[in-house]
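What follows is a set of notes on a single structure, which appears directly below.
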Amino acid sequence: MRIIVLDNDTDFEGWRKAARRLALNDVKPAEITWTVRSDDELSSASCVNELPDTPQARFNVSAKFVELAKAAILHRSDERFALLYRLLWRLRSRHDLLSATDDPDIAEVHAMARAVYVDIDRMHAHLRFREIGRERTAHYVAWFEPEHHIVELAAPFFAGRFADMPWSILTPDVCAHWDGHAISITPGVAKSEVPTEDRLEEAWRRHDNGRFNPARLKVMEMPQAYWRNLPEDSIIKPLIEDAMRMTSGPFIARKAAEPQKRQDTPMPRKQVQGKQVQGRQAHDTIAALREEAADCRACPLWKDATQTVFGEGPQSATLMLVGEQPGDKEDLAGHPFVGPAGQMLDRALQEAGIDRRKVYVTNAVKHFKFVPRGKIRLHQKPSTPEIRACRQWYERELATIKPDLVMALGATAAQSVLGKITPINKNRGHLIDHDGTKVLVTVHPSYLLRLPDEKAKALEYQRFIDDLKIAAHQLRRSVDAA
Ligand code: URA
């Protein structure tokens, strides 16, 4: 018996070199045990080196087999190396073997390759980065437990998509890291080593007054094994159990796939992408709305965005700020106004004497709209149909928060809040009464960031603060009048 030790679980080149030499030396599949070097093994004492090399001998296999083998070797089955060698051995005498779909070895290798591709697709679809650190030190981290050894093959997708963010994908097998230039691979880690300081997770844990919506899991679509890859993993089971107690158990899987419905006062229903959803509810909570919006398909923007970025802030907020749409950073972090425009907004709010922690901050459109340009995701202005499709969420946020004042930042926000195109410069600085809601409009902080001239920038920034001060003054008047 010959023992062939490969360097690691995805060592296709090592397998190929060994398999070639073994086949040329007529070593039968049954005479070989394939294994992978363990971490504490210093040398890969593979006895393939004892076989004579035969550089002149030719051994050709089709590109199709190589492609199939490269995928199948990533399968977690211990049998994969032996299966591939058996196929290689048989291909020498049966060149059409790959098209023999009723052959058990062929069926098995195809099943393995398929499972690997499915796992890669799932990783691309379900992996969620969390922001660790802020601003300059921000790093994005994701935990994922792949079924197969797919991390190295799947990682370039994330390098293309999140090119300007430093990120790490941590898995029990290996970890992939992107520094903006190259991907590096390091050994795997245990889940307990994953940084836990995570605002996203904290927000999840804190939403104790919102009812858990099992639809978030899409249990009909997402295998239970994949729940562990969701940020809310550690609270899923108790939440499901709670939800099961509150609903009749047998219905839960069916109900889970539907938008969350409540039995409050019947309200006019709106048509969204062919489904009926409840209109504005007197008993909505922001947490429940956020759950529902996580699955919003009312316009196509959800397809490319990482996640729905819903509004945030206390339910008791008297001021509601409405921006345009999440940007690149917000899309990754899942929180509104955390990127450069958010930092400028924070500074201006502070200078105007407004505490952001007491403000409800949201966007007119809740998915990031962009076009990829090389490594960058270029922000695109939302269209009128997209603004309209998303307005239902703003309306329900408004009905839930019931702020004394809404401030629209920029033209898109003004269009959503006021229901029509509203020029900012003509309307800024004075209070607008819109269907019983007091509204102020001003410029968007990104506009200030884009101004090339420093003097103009300082001037416009001051005007922006002045507008925020009008809001602060108005809020004081509302408190005095109450
Ligand atoms: N710009 C916005 O309008 N909203 C955000 O959340 C970030 C940038």
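FYI, nothing fancy with the structure tokens labels: chains A, B, ... in order, residues from 1 per chain, ligands from 1 as they appear.
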Close residues to ligand 1 using only C-alpha atoms and all ligand atoms, limit 9 Å, as a ChimeraX atom specification: /A:309,311,322-331,335-342,361-366,368,409-410,412-413,444-446
Next, write the just-selected residues to a file, as a short mmCIF file (atom, residue, chain, number, x, y, z; two decimals), in the first residue's frame, keeping N, CA and C atoms as the atom set.
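And here is the file that came out, part_7.cif:
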```
data_model
loop_
_atom_site.label_atom_id
_atom_site.label_comp_id
_atom_site.auth_asym_id
_atom_site.auth_seq_id
_atom_site.Cartn_x
_atom_site.Cartn_y
_atom_site.Cartn_z
N VAL A 309 -30.92 48.72 4.37
CA VAL A 309 -30.42 49.56 5.47
C VAL A 309 -31.60 50.38 5.98
N GLY A 311 -33.96 52.60 8.85
CA GLY A 311 -33.72 53.74 9.73
C GLY A 311 -33.35 53.29 11.13
N VAL A 322 -34.02 62.50 6.99
CA VAL A 322 -34.17 61.57 5.86
C VAL A 322 -33.08 61.88 4.83
N GLY A 323 -32.24 60.89 4.55
CA GLY A 323 -31.21 61.05 3.52
C GLY A 323 -31.69 60.45 2.20
N GLU A 324 -30.75 60.26 1.28
CA GLU A 324 -31.13 59.74 -0.03
C GLU A 324 -31.22 58.23 -0.04
N GLN A 325 -30.09 57.57 0.16
CA GLN A 325 -30.00 56.11 0.14
C GLN A 325 -28.68 55.73 0.81
N PRO A 326 -28.56 54.49 1.32
CA PRO A 326 -27.28 54.10 1.90
C PRO A 326 -26.17 54.16 0.87
N GLY A 327 -24.98 54.51 1.30
CA GLY A 327 -23.82 54.48 0.41
C GLY A 327 -23.10 53.15 0.57
N ASP A 328 -21.91 53.09 0.00
CA ASP A 328 -21.11 51.87 0.02
C ASP A 328 -20.88 51.36 1.45
N LYS A 329 -20.45 52.24 2.32
CA LYS A 329 -20.14 51.85 3.71
C LYS A 329 -21.41 51.43 4.46
N GLU A 330 -22.48 52.17 4.22
CA GLU A 330 -23.74 51.86 4.91
C GLU A 330 -24.27 50.51 4.45
N ASP A 331 -24.12 50.23 3.16
CA ASP A 331 -24.58 48.97 2.59
C ASP A 331 -23.88 47.78 3.27
N HIS A 335 -26.12 50.09 8.52
CA HIS A 335 -26.58 51.24 9.32
C HIS A 335 -26.54 52.51 8.47
N PRO A 336 -27.52 53.41 8.65
CA PRO A 336 -27.52 54.62 7.84
C PRO A 336 -26.46 55.64 8.31
N PHE A 337 -25.94 56.38 7.38
CA PHE A 337 -25.03 57.50 7.65
C PHE A 337 -23.87 57.13 8.58
N VAL A 338 -23.11 56.12 8.19
CA VAL A 338 -21.90 55.78 8.96
C VAL A 338 -20.63 56.04 8.15
N GLY A 339 -20.78 56.39 6.86
CA GLY A 339 -19.62 56.65 6.01
C GLY A 339 -19.22 58.13 6.08
N PRO A 340 -18.51 58.62 5.06
CA PRO A 340 -18.03 60.02 5.08
C PRO A 340 -19.15 61.04 5.22
N ALA A 341 -20.28 60.84 4.52
CA ALA A 341 -21.39 61.81 4.64
C ALA A 341 -21.94 61.77 6.06
N GLY A 342 -21.97 60.58 6.66
CA GLY A 342 -22.45 60.43 8.02
C GLY A 342 -21.55 61.15 9.02
N VAL A 361 -32.74 58.54 12.20
CA VAL A 361 -32.05 58.80 10.93
C VAL A 361 -32.42 57.70 9.93
N THR A 362 -32.88 58.10 8.78
CA THR A 362 -33.26 57.09 7.78
C THR A 362 -32.95 57.61 6.37
N ASN A 363 -33.36 56.85 5.38
CA ASN A 363 -33.15 57.22 3.98
C ASN A 363 -34.43 57.05 3.19
N ALA A 364 -34.55 57.82 2.11
CA ALA A 364 -35.73 57.71 1.24
C ALA A 364 -35.74 56.34 0.57
N VAL A 365 -34.56 55.87 0.17
CA VAL A 365 -34.43 54.57 -0.49
C VAL A 365 -33.53 53.71 0.39
N LYS A 366 -33.92 52.47 0.61
CA LYS A 366 -33.24 51.71 1.66
C LYS A 366 -32.28 50.63 1.14
N PHE A 368 -28.77 50.20 -1.44
CA PHE A 368 -27.70 50.93 -2.13
C PHE A 368 -27.82 50.70 -3.64
N LEU A 409 -32.81 65.69 3.65
CA LEU A 409 -31.45 66.07 3.24
C LEU A 409 -31.29 65.79 1.74
N GLY A 410 -31.38 66.84 0.94
CA GLY A 410 -31.17 66.68 -0.50
C GLY A 410 -32.44 66.43 -1.28
N THR A 412 -33.50 63.98 -3.38
CA THR A 412 -34.22 62.70 -3.36
C THR A 412 -35.07 62.58 -2.11
N ALA A 413 -34.49 62.97 -0.98
CA ALA A 413 -35.24 62.91 0.28
C ALA A 413 -36.44 63.85 0.21
N HIS A 444 -27.87 67.86 0.98
CA HIS A 444 -27.34 66.58 1.48
C HIS A 444 -25.87 66.78 1.85
N PRO A 445 -25.41 66.18 2.97
CA PRO A 445 -24.00 66.37 3.34
C PRO A 445 -23.01 65.95 2.25
N SER A 446 -23.39 64.99 1.39
CA SER A 446 -22.48 64.59 0.30
C SER A 446 -22.22 65.75 -0.66
#
```
For Arg58 (chain A): contacts at 12 Å, only C-alpha atoms, fewer than 6 positions along chain excluded, given as a PyMOL selection string: chain A and resi 20-21+23-25+92
CA of Trp178 (chain A) and CA of Ile150 (chain A) are how many Å apart?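 We find that CA of Trp178 (chain A) and CA of Ile150 (chain A) lie 16.2 Å from each other.
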Residue nearest Arg86 (chain A) - candidates A:Ala389, A:Ala159, A:Leu22, A:Ile470, atoms counted: only C-alpha atoms: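 Distance minimum relative to Arg86 (chain A) lands on A:Leu22.
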Near-Lys469 (chain A) list (10 Å; only C-alpha atoms; drop same-chain fewer than 6 positions) as a PyMOL selection string: chain A and resi 348-349+351-354+429+463+475
Can you pull out every residue from region 248-431 of chain A that DSSP, working from the backbone, puts in alpha helix (DSSP H), and format the result as a VMD selection string? chain A and resid 252 to 256 286 to 293 328 to 333 340 to 351 384 to 401 411 to 418 424 to 427
Gap from CA of Glu460 (chain A) to CA of Asp164 (chain A) - Å, one decimal: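 Atom-to-atom, CA of Glu460 (chain A) and CA of Asp164 (chain A) are spaced 28.7 Å apart.
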What are the DSSP strand (DSSP E or B) residues of region 30-171 of chain A, as a list in words? Ile32, Thr33, Trp34, Thr35, Val36, Arg130, Glu131, Ile132, His139, Tyr140, Val141, Ala142, Trp143, Trp167, Ser168, Ile169 and Leu170 of chain A
Residues just named, written with C-alpha atoms as a JSON list (two decimals), in the first residue's frame:
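Generated output (out_23.json):
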```
[["chain", "number", "residue", "atom", "x", "y", "z"],
["A", 32, "ILE", "CA", -3.08, 3.82, -2.79],
["A", 33, "THR", "CA", -4.22, 5.58, 0.37],
["A", 34, "TRP", "CA", -4.63, 9.34, -0.04],
["A", 35, "THR", "CA", -4.35, 11.62, 2.93],
["A", 36, "VAL", "CA", -3.71, 15.27, 3.82],
["A", 130, "ARG", "CA", -19.74, 43.21, 10.24],
["A", 131, "GLU", "CA", -17.83, 46.39, 10.91],
["A", 132, "ILE", "CA", -15.14, 46.16, 13.56],
["A", 139, "HIS", "CA", -12.29, 46.46, 9.16],
["A", 140, "TYR", "CA", -15.04, 44.19, 7.96],
["A", 141, "VAL", "CA", -15.24, 40.70, 9.32],
["A", 142, "ALA", "CA", -17.50, 37.81, 8.42],
["A", 143, "TRP", "CA", -17.85, 34.37, 9.94],
["A", 167, "TRP", "CA", -12.09, 42.54, 5.11],
["A", 168, "SER", "CA", -11.51, 39.13, 6.61],
["A", 169, "ILE", "CA", -13.61, 36.04, 6.10],
["A", 170, "LEU", "CA", -13.09, 33.74, 9.06]]
```
Using CA of Gln343 (chain A) and CA of Tyr447 (chain A) as the two end points, give the distance in Å to one decimal. 13.4 Å
Could you pull the residues within 8 Å of region 122-124 of chain A, counting only C-alpha atoms, minus those fewer than 5 positions along the same chain, as a short mmCIF file (atom, residue, chain, number, x, y, z; two decimals) with N, CA and C atoms, in the first residue's frame?
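Final output, out00.cif:
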```
data_model
loop_
_atom_site.label_atom_id
_atom_site.label_comp_id
_atom_site.auth_asym_id
_atom_site.auth_seq_id
_atom_site.Cartn_x
_atom_site.Cartn_y
_atom_site.Cartn_z
N PHE A 144 -18.08 32.43 8.54
CA PHE A 144 -18.82 31.54 7.65
C PHE A 144 -18.35 30.10 7.90
N PRO A 146 -18.35 26.94 5.81
CA PRO A 146 -18.67 26.31 4.53
C PRO A 146 -18.84 24.80 4.68
N ALA A 154 -14.00 30.98 -3.46
CA ALA A 154 -15.11 31.94 -3.34
C ALA A 154 -14.64 33.35 -3.02
N PHE A 157 -14.59 36.75 -5.39
CA PHE A 157 -15.86 37.42 -5.61
C PHE A 157 -15.99 38.63 -4.66
N PHE A 158 -15.61 38.42 -3.38
CA PHE A 158 -15.76 39.49 -2.39
C PHE A 158 -14.71 40.58 -2.61
#
```
Which residues are close to Leu289 (chain A), i.e. within 9 Å by only C-alpha atoms, leaving aside same-chain residues fewer than 3 positions away? Reply as a short mmCIF file (atom, residue, chain, number, x, y, z; two decimals) with C-alpha atoms, in the first residue's frame.
```cif
data_model
loop_
_atom_site.label_atom_id
_atom_site.label_comp_id
_atom_site.auth_asym_id
_atom_site.auth_seq_id
_atom_site.Cartn_x
_atom_site.Cartn_y
_atom_site.Cartn_z
CA GLY A 210 -39.98 43.96 18.44
CA ASP A 284 -45.80 49.07 14.13
CA THR A 285 -42.52 49.16 15.96
CA ILE A 286 -39.33 50.14 14.21
CA GLU A 292 -40.20 43.20 7.32
CA ALA A 293 -38.09 45.54 5.20
CA ALA A 294 -35.19 43.07 5.29
CA PHE A 310 -33.33 50.62 7.61
CA TRP A 393 -41.26 52.35 4.52
CA ARG A 396 -44.59 53.63 8.16
CA GLU A 397 -41.50 54.98 9.91
#
```
Using only C-alpha atoms, which residues sit within 7 Å of Ile387 (chain A) once same-chain residues fewer than 3 positions away are excluded, as a PyMOL selection string? chain A and resi 364-365+382-384+390-391+416
Name the residues in contact with Ser478 (chain A) at a cut-off of 12 Å, using only C-alpha atoms, excluding same-chain residues fewer than 2 positions from it; report them as an MDAnalysis selection string. chainID A and resid 318:319 403:405 438 471:476 480:482
I need the residue nearest Arg347 (chain A) from this list: A:Ala333, A:Gln392, A:Gln462, A:Val443. Use only C-alpha atoms for the distance. A:Gln462
